[in-house]
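See below for protein_33.txt, which holds compact mmCIF, C-alpha atoms and all ligand atoms.
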# COMPACT_ATOMS: atom_id res chain seq x y z
CA MET F 345 32.30 47.34 16.08
CA GLU F 346 34.19 47.17 12.79
CA GLN F 347 32.18 45.73 9.93
CA LEU F 348 34.66 42.90 9.51
CA ASP F 349 34.42 42.04 13.20
CA THR F 350 30.62 42.08 12.92
CA LEU F 351 30.85 39.72 9.95
CA ARG F 352 33.12 37.36 11.91
CA ALA F 353 30.78 37.49 14.92
CA LEU F 354 27.77 36.78 12.71
CA ASN F 355 29.56 33.83 11.13
CA GLU F 356 30.46 32.41 14.55
CA ALA F 357 26.91 32.95 15.77
CA ASP F 358 25.50 30.96 12.83
CA ARG F 359 28.01 28.16 13.33
CA TRP F 360 27.14 28.06 17.02
CA ILE F 361 23.42 27.81 16.24
CA GLU F 362 24.14 24.90 13.89
CA ARG F 363 26.14 23.13 16.60
CA VAL F 364 23.32 23.44 19.13
CA ILE F 365 20.78 22.21 16.55
CA ALA F 366 23.02 19.22 15.77
CA GLN F 367 23.37 18.55 19.49
CA ARG F 368 19.57 18.60 19.84
CA GLU F 369 19.21 16.07 17.03
CA HIS F 370 21.91 13.70 18.26
CA LEU F 371 21.23 13.42 21.96
CA ALA F 372 22.56 10.19 23.49
CA GLU F 373 19.16 9.70 25.16
CA LEU F 374 17.51 9.68 21.74
CA GLU F 375 19.67 6.81 20.55
CA GLU F 376 19.13 4.85 23.76
CA LEU F 377 15.38 5.38 23.47
CA ALA F 378 15.31 4.06 19.90
CA THR F 379 17.26 0.92 20.91
CA LEU F 380 15.03 0.42 23.94
CA GLU F 381 11.84 0.82 21.92
CA ALA F 382 13.01 -1.79 19.41
CA GLU F 383 13.74 -4.16 22.31
CA LEU F 384 10.33 -3.55 23.88
CA ARG F 385 8.61 -4.14 20.54
CA SER F 386 10.27 -7.55 20.18
CA LEU F 387 9.37 -8.45 23.78
CA LEU F 388 5.77 -7.48 23.09
CA ALA F 389 5.73 -9.72 20.02
CA ALA F 390 7.15 -12.61 22.08
CA LEU F 391 4.54 -11.98 24.77
CA GLN F 392 1.68 -12.01 22.28
CA GLU F 393 2.98 -15.24 20.77
CA ALA F 394 3.27 -16.94 24.18
CA GLN F 395 -0.20 -15.73 25.16
CA SER F 396 -1.82 -16.98 21.98
CA SER F 397 -0.08 -20.38 22.31
CA ALA F 398 -1.31 -20.66 25.90
CA GLU F 399 -4.85 -19.63 25.05
CA PRO F 400 -6.28 -22.99 23.78
CA VAL F 401 -4.68 -24.85 26.73
CA ARG F 402 -6.15 -22.30 29.13
CA ARG F 403 -9.62 -22.68 27.59
CA ALA F 404 -9.40 -26.50 27.82
CA TYR F 405 -8.32 -26.19 31.44
CA VAL F 406 -11.32 -24.01 32.32
CA ALA F 407 -13.62 -26.43 30.49
CA ALA F 408 -12.17 -29.42 32.40
CA GLN F 409 -12.63 -27.54 35.66
CA GLU F 410 -16.28 -26.87 34.84
CA THR F 411 -16.85 -30.51 33.89
CA ALA F 412 -15.35 -31.71 37.18
CA GLN F 413 -17.59 -29.28 39.13
CA ARG F 414 -20.67 -30.44 37.29
CA HIS F 415 -19.98 -34.14 37.96
CA LEU F 416 -19.14 -33.38 41.56
CA ALA F 417 -22.48 -31.60 42.07
CA ARG F 418 -24.27 -34.54 40.45
CA ALA F 419 -22.48 -37.01 42.75
CA GLY F 420 -23.53 -34.91 45.78
CA ASP F 421 -27.16 -34.96 44.67
CA LEU F 422 -27.10 -38.73 44.10
CA GLN F 423 -25.53 -39.33 47.49
CA LYS F 424 -28.21 -37.29 49.26
CA ALA F 425 -30.96 -39.03 47.35
CA LEU F 426 -29.48 -42.40 48.20
CA ALA F 427 -29.31 -41.55 51.91
CA ILE F 428 -33.01 -40.74 52.17
CA SER F 429 -34.25 -43.22 49.58
CA THR F 430 -37.06 -45.61 50.52
CA GLY F 431 -36.89 -47.50 47.23
CA SER F 432 -36.50 -51.22 46.66
CA PRO F 433 -33.07 -52.88 46.98
CA ARG F 434 -32.99 -53.05 43.20
CA GLU F 435 -33.57 -49.32 42.88
CA LEU F 436 -30.93 -48.67 45.53
CA THR F 437 -28.40 -50.80 43.67
CA GLN F 438 -29.23 -48.93 40.48
CA MET F 439 -28.65 -45.57 42.22
CA GLN F 440 -25.41 -46.77 43.78
CA ARG F 441 -24.14 -47.87 40.36
CA GLU F 442 -24.93 -44.49 38.89
CA LEU F 443 -23.15 -42.76 41.78
CA ASP F 444 -20.04 -44.89 41.19
CA GLN F 445 -20.05 -43.95 37.50
CA VAL F 446 -20.39 -40.26 38.26
CA ARG F 447 -17.51 -40.46 40.76
CA GLU F 448 -15.34 -42.07 38.07
CA ARG F 449 -16.16 -39.17 35.77
CA VAL F 450 -15.19 -36.72 38.53
CA THR F 451 -11.80 -38.45 38.89
CA ALA F 452 -11.25 -38.44 35.11
CA ALA F 453 -12.14 -34.74 34.82
CA GLU F 454 -9.86 -33.88 37.74
CA ASP F 455 -6.97 -35.80 36.12
CA GLU F 456 -7.57 -33.92 32.90
CA GLU F 457 -7.64 -30.63 34.82
CA LEU F 458 -4.31 -31.44 36.47
CA ASN F 459 -2.68 -32.46 33.19
CA LEU F 460 -3.77 -29.23 31.53
CA LEU F 461 -2.52 -27.23 34.48
CA LEU F 462 0.91 -28.85 34.11
CA GLU F 463 0.82 -28.16 30.38
CA LEU F 464 -0.02 -24.52 31.08
CA GLU F 465 2.84 -23.98 33.52
CA PRO F 466 5.71 -23.47 31.05
CA PHE F 467 3.60 -20.98 29.09
CA ASP F 468 2.87 -19.03 32.25
CA GLU F 469 6.56 -19.11 33.18
CA THR F 470 7.50 -17.77 29.75
CA ILE F 471 4.88 -15.04 29.97
CA ALA F 472 6.04 -14.04 33.46
CA ALA F 473 9.70 -14.03 32.33
CA ILE F 474 8.93 -11.76 29.35
CA LYS F 475 7.00 -9.37 31.57
CA ALA F 476 9.85 -9.32 34.11
CA ARG F 477 12.35 -8.50 31.33
CA ALA F 478 10.15 -5.74 29.91
CA GLN F 479 9.43 -4.07 33.24
CA PRO F 480 12.77 -2.22 33.75
CA GLY F 481 12.72 -1.24 30.08
CA VAL F 482 9.30 0.34 30.41
CA ALA F 483 10.48 2.29 33.48
CA ARG F 484 13.66 3.40 31.66
CA ARG F 485 11.59 4.50 28.66
CA SER F 486 9.58 6.89 30.84
CA GLU F 487 12.81 8.26 32.34
CA LEU F 488 14.31 8.82 28.90
CA GLN F 489 11.18 10.49 27.56
CA ALA F 490 11.13 12.88 30.51
CA ALA F 491 14.87 13.60 30.20
CA LEU F 492 14.53 14.24 26.45
CA ALA F 493 11.64 16.62 26.92
CA GLN F 494 13.68 18.60 29.44
CA LEU F 495 16.88 18.63 27.36
CA ARG F 496 15.02 19.68 24.24
CA GLY F 497 13.27 22.44 26.13
CA THR F 498 16.61 23.78 27.39
CA LEU F 499 18.22 23.56 23.95
CA ASP F 500 15.22 25.21 22.29
CA GLU F 501 15.56 28.13 24.70
CA GLU F 502 19.28 28.33 23.94
CA ILE F 503 18.63 28.28 20.18
CA ALA F 504 16.00 31.02 20.51
CA ALA F 505 18.43 33.22 22.52
CA LEU F 506 21.22 32.60 19.99
CA ARG F 507 18.92 33.52 17.13
CA ASP F 508 18.02 36.74 18.90
CA SER F 509 21.64 37.86 19.23
CA ARG F 510 22.34 36.67 15.70
CA ALA F 511 19.53 38.90 14.42
CA GLN F 512 21.04 41.87 16.26
CA LEU F 513 24.44 41.23 14.67
CA ALA F 514 22.91 40.87 11.21
CA HIS F 515 21.22 44.20 11.72
CA LEU F 516 24.60 45.86 12.41
CA LEU F 517 26.16 44.55 9.21
CA GLU F 518 26.13 46.85 6.21
CA PRO F 519 23.56 45.75 3.59
CA ARG F 520 25.97 44.88 0.73
CA TRP F 521 27.84 42.36 2.90
CA ARG F 522 24.70 41.14 4.58
CA GLN F 523 23.08 40.35 1.23
CA ARG F 524 26.11 38.39 0.04
CA TYR F 525 26.38 36.63 3.40
CA ASP F 526 22.68 35.70 3.52
CA ALA F 527 22.72 34.52 -0.09
CA ALA F 528 25.70 32.21 0.62
CA LEU F 529 24.09 30.98 3.85
CA ALA F 530 20.81 30.22 2.09
CA ARG F 531 22.66 28.32 -0.64
CA VAL F 532 25.08 26.21 1.43
CA GLY F 533 23.78 26.33 4.99
CA THR F 534 25.59 26.38 8.38
CA SER F 535 27.26 29.78 7.78
CA GLY F 536 27.65 32.37 5.06
CA ALA F 537 31.35 33.02 5.57
CA ALA F 538 34.48 30.98 6.17
CA ASN F 539 38.08 31.33 7.27
CA VAL F 540 40.99 30.34 5.10
CA ASP F 541 43.09 27.85 6.99
CA ALA F 542 46.35 26.69 5.40
CA GLY F 543 45.01 27.56 1.96
CA ARG F 544 41.68 25.81 2.55
CA CYS F 545 38.21 27.25 2.95
CA ASP F 546 37.07 25.95 6.33
CA GLY F 547 33.45 26.05 5.19
CA CYS F 548 33.70 23.49 2.37
CA ARG F 549 37.24 22.29 3.31
CA ILE F 550 38.38 22.54 -0.30
CA ALA F 551 41.80 24.05 -1.02
CA LEU F 552 41.92 27.24 -3.05
CA SER F 553 43.84 27.01 -6.28
CA PRO F 554 47.26 28.72 -6.10
CA LEU F 555 45.88 31.51 -8.24
CA ASP F 556 42.82 32.08 -6.03
CA TYR F 557 44.90 31.83 -2.89
CA ASP F 558 47.27 34.44 -4.26
CA ARG F 559 44.33 36.69 -5.12
CA PHE F 560 42.90 36.19 -1.63
CA ARG F 561 46.15 37.31 0.00
CA ARG F 562 46.41 40.42 -2.13
CA LEU F 563 42.88 41.74 -1.62
CA GLU F 564 42.51 45.43 -0.87
CA PRO F 565 41.28 46.17 2.68
CA GLY F 566 37.48 46.19 2.76
CA VAL F 567 37.20 43.84 -0.22
CA ILE F 568 35.99 40.27 0.37
CA MET F 569 36.09 37.48 -2.18
CA ASP F 570 33.81 34.45 -2.29
CA CYS F 571 35.07 30.89 -2.01
CA PRO F 572 35.14 29.67 -5.64
CA GLU F 573 33.78 26.29 -4.46
CA CYS F 574 31.06 27.00 -1.90
CA GLY F 575 30.49 30.72 -2.40
CA ARG F 576 30.99 31.63 1.26
CA LEU F 577 32.59 35.01 1.96
CA LEU F 578 36.24 34.34 2.70
CA LEU F 579 37.18 36.24 5.86
CA PRO F 580 40.53 38.03 5.56
ZN ZN M 1 34.34 27.06 0.52
Since I need it in another form, could you write the structure as structure tokens?
Amino acid sequence: MEQLDTLRALNEADRWIERVIAQREHLAELEELATLEAELRSLLAALQEAQSSAEPVRRAYVAAQETAQRHLARAGDLQKALAISTGSPRELTQMQRELDQVRERVTAAEDEELNLLLELEPFDETIAAIKARAQPGVARRSELQAALAQLRGTLDEEIAALRDSRAQLAHLLEPRWRQRYDAALARVGTSGAANVDAGRCDGCRIALSPLDYDRFRRLEPGVIMDCPECGRLLLP
């Protein structure tokens, strides 16, 4: 292969590697994942808020339930005692009065329990709604993570293969051009050479001055000038 052709091929190889790297960094799945994660974070915050608002009501509800159970057990005991009691009519009346009081407390505690349950309902609905909204997002997140891992793996393999053939091309290029090429590449990135398209360097996209453009067109074969702006080797 002619040295100039090797230089062109090396330049294309470097540009191709840059394109694949850019593709790897700007995958559509990556953007979707970022948006989705932001959405899931805000749903999680809403869920935590709803749960902490519901918490005191839920505790009061459990307490009211326990109170009702306790009074109910006491009423049962009193009723049994009353049934087998051999006490005086006065004692029996006293026991009956106490039983009536305990039953009133049971009713009050049960009312309280019901009220708290009704109060809790909208919180539970909100919590369930947030979870229902988050569920497809969580599933989609796993899909995206798996797809990204696979895509990145494929692109990494492609980049490694491209770098291999790039290294072979670089090896074929004569040292004086390779040094200039590598120096320009290290300085400006993407590629170490550029084409001149309608008087412009297609590396930095800046137009050559009329004088430089004239010089470029009159170069001896085998002589390569650098772009005065970016320093890339200007391919004849
Ligand atoms: Zn340039």
Open item on the list: Which residue is closest to F:Ala357? Choose from F:Ala514, F:Cys548, F:Val401, F:Leu464 and count only C-alpha atoms.
Closed with: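 Result for the nearest residue to F:Ala357: F:Ala514.
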- [ ] Grab the atom CA of F:Leu374 to atom CA of F:Leu499 distance for me, in Å with one decimal place.
- [x]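 A separation of 14.1 Å between them.
Rounded to one decimal, atom CA of F:Leu377 and atom CA of F:Ala476 lie 19.0 Å from each other.
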Within 12 Å of ligand ZN 1 (chain M), which residues of chain F show up? Give each one with its shortest atom-to-atom distance in Å (one decimal) and the two atoms involved, counting all atoms listed in the file, rows by chain then rising residue number, as CSV.
residue,atom,partner,partner_atom,distance
F:Ala528,CA,M:ZN1,ZN,10.1
F:Leu529,CA,M:ZN1,ZN,11.5
F:Arg531,CA,M:ZN1,ZN,11.8
F:Val532,CA,M:ZN1,ZN,9.3
F:Gly533,CA,M:ZN1,ZN,11.5
F:Thr534,CA,M:ZN1,ZN,11.8
F:Ser535,CA,M:ZN1,ZN,10.5
F:Gly536,CA,M:ZN1,ZN,9.7
F:Ala537,CA,M:ZN1,ZN,8.4
F:Ala538,CA,M:ZN1,ZN,6.9
F:Asn539,CA,M:ZN1,ZN,8.8
F:Val540,CA,M:ZN1,ZN,8.7
F:Asp541,CA,M:ZN1,ZN,10.9
F:Gly543,CA,M:ZN1,ZN,10.8
F:Arg544,CA,M:ZN1,ZN,7.7
F:Cys545,CA,M:ZN1,ZN,4.6
F:Asp546,CA,M:ZN1,ZN,6.5
F:Gly547,CA,M:ZN1,ZN,4.9
F:Cys548,CA,M:ZN1,ZN,4.1
F:Arg549,CA,M:ZN1,ZN,6.2
F:Ile550,CA,M:ZN1,ZN,6.1
F:Ala551,CA,M:ZN1,ZN,8.2
F:Leu552,CA,M:ZN1,ZN,8.4
F:Ser553,CA,M:ZN1,ZN,11.7
F:Asp556,CA,M:ZN1,ZN,11.8
F:Met569,CA,M:ZN1,ZN,10.9
F:Asp570,CA,M:ZN1,ZN,7.9
F:Cys571,CA,M:ZN1,ZN,4.6
F:Pro572,CA,M:ZN1,ZN,6.7
F:Glu573,CA,M:ZN1,ZN,5.1
F:Cys574,CA,M:ZN1,ZN,4.1
F:Gly575,CA,M:ZN1,ZN,6.1
F:Arg576,CA,M:ZN1,ZN,5.7
F:Leu577,CA,M:ZN1,ZN,8.3
F:Leu578,CA,M:ZN1,ZN,7.8
F:Leu579,CA,M:ZN1,ZN,11.0
- [ ] Scan for residues within 7 Å of the point (27.9, 40.8, 11.8) in the coordinates of the file, using all atoms listed in the file, and reply as a list in words.
- [x] Gln347, Asp349, Thr350, Leu351, Arg352, Ala353, Leu354, Leu513, Ala514, Leu516 and Leu517 of chain F
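Here atom CA of F:Lys475 and atom CA of F:Ala372 stand 26.3 Å from one another.
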Edge lengths and centre in Å to one decimal, as AutoDock Vina command-line options, is what I'm after for the box along x, y and z that holds all listed atoms of stretch 375-381 of chain F once 4 Å is added on each side.
--center_x 15.8 --center_y 3.6 --center_z 21.9 --size_x 15.8 --size_y 14.4 --size_z 12.0
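Summary of the local environment: counting only C-alpha atoms, residues at most 10 Å from F:Leu458, other than itself and those fewer than 6 positions away along its chain, are Tyr405, Ala408, Gln409, Ala452 and Leu464 of chain F.
Closest approach to F:Ala394 among F:Ile428, F:Leu443, F:Leu461, F:Ile474 is made by F:Ile474 (distances from all atoms listed in the file).
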Task: Which of F:Glu457, F:Gln489, F:Ala527, F:Ala378 sits closest to F:Ala407 [using all atoms listed in the file] - done: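 Nearest candidate to F:Ala407 out of F:Glu457, F:Gln489, F:Ala527, F:Ala378: F:Glu457.
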When you get a chance, write out N, CA and C atoms for stretch 512-523 of chain F, as a compact mmCIF listing (two decimals), in the coordinates of the input.
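File result-v7.txt, as written:
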# COMPACT_ATOMS: atom_id res chain seq x y z
N GLN F 512 20.48 40.55 15.92
CA GLN F 512 21.04 41.87 16.26
C GLN F 512 22.34 42.12 15.50
N LEU F 513 23.18 41.10 15.42
CA LEU F 513 24.44 41.23 14.67
C LEU F 513 24.17 41.50 13.19
N ALA F 514 23.23 40.73 12.63
CA ALA F 514 22.91 40.87 11.21
C ALA F 514 22.45 42.31 10.92
N HIS F 515 21.74 42.85 11.88
CA HIS F 515 21.22 44.20 11.72
C HIS F 515 22.36 45.24 11.66
N LEU F 516 23.47 44.93 12.35
CA LEU F 516 24.60 45.86 12.41
C LEU F 516 25.47 45.81 11.15
N LEU F 517 25.30 44.73 10.39
CA LEU F 517 26.16 44.55 9.21
C LEU F 517 25.64 45.37 8.03
N GLU F 518 26.57 46.01 7.33
CA GLU F 518 26.13 46.85 6.21
C GLU F 518 25.47 46.00 5.12
N PRO F 519 24.42 46.55 4.46
CA PRO F 519 23.56 45.75 3.59
C PRO F 519 24.31 44.98 2.48
N ARG F 520 25.34 45.60 1.86
CA ARG F 520 25.97 44.88 0.73
C ARG F 520 26.64 43.59 1.19
N TRP F 521 27.25 43.60 2.38
CA TRP F 521 27.84 42.36 2.90
C TRP F 521 26.77 41.41 3.42
N ARG F 522 25.76 42.00 4.03
CA ARG F 522 24.70 41.14 4.58
C ARG F 522 24.01 40.36 3.47
N GLN F 523 23.76 41.04 2.34
CA GLN F 523 23.08 40.35 1.23
C GLN F 523 23.93 39.20 0.70
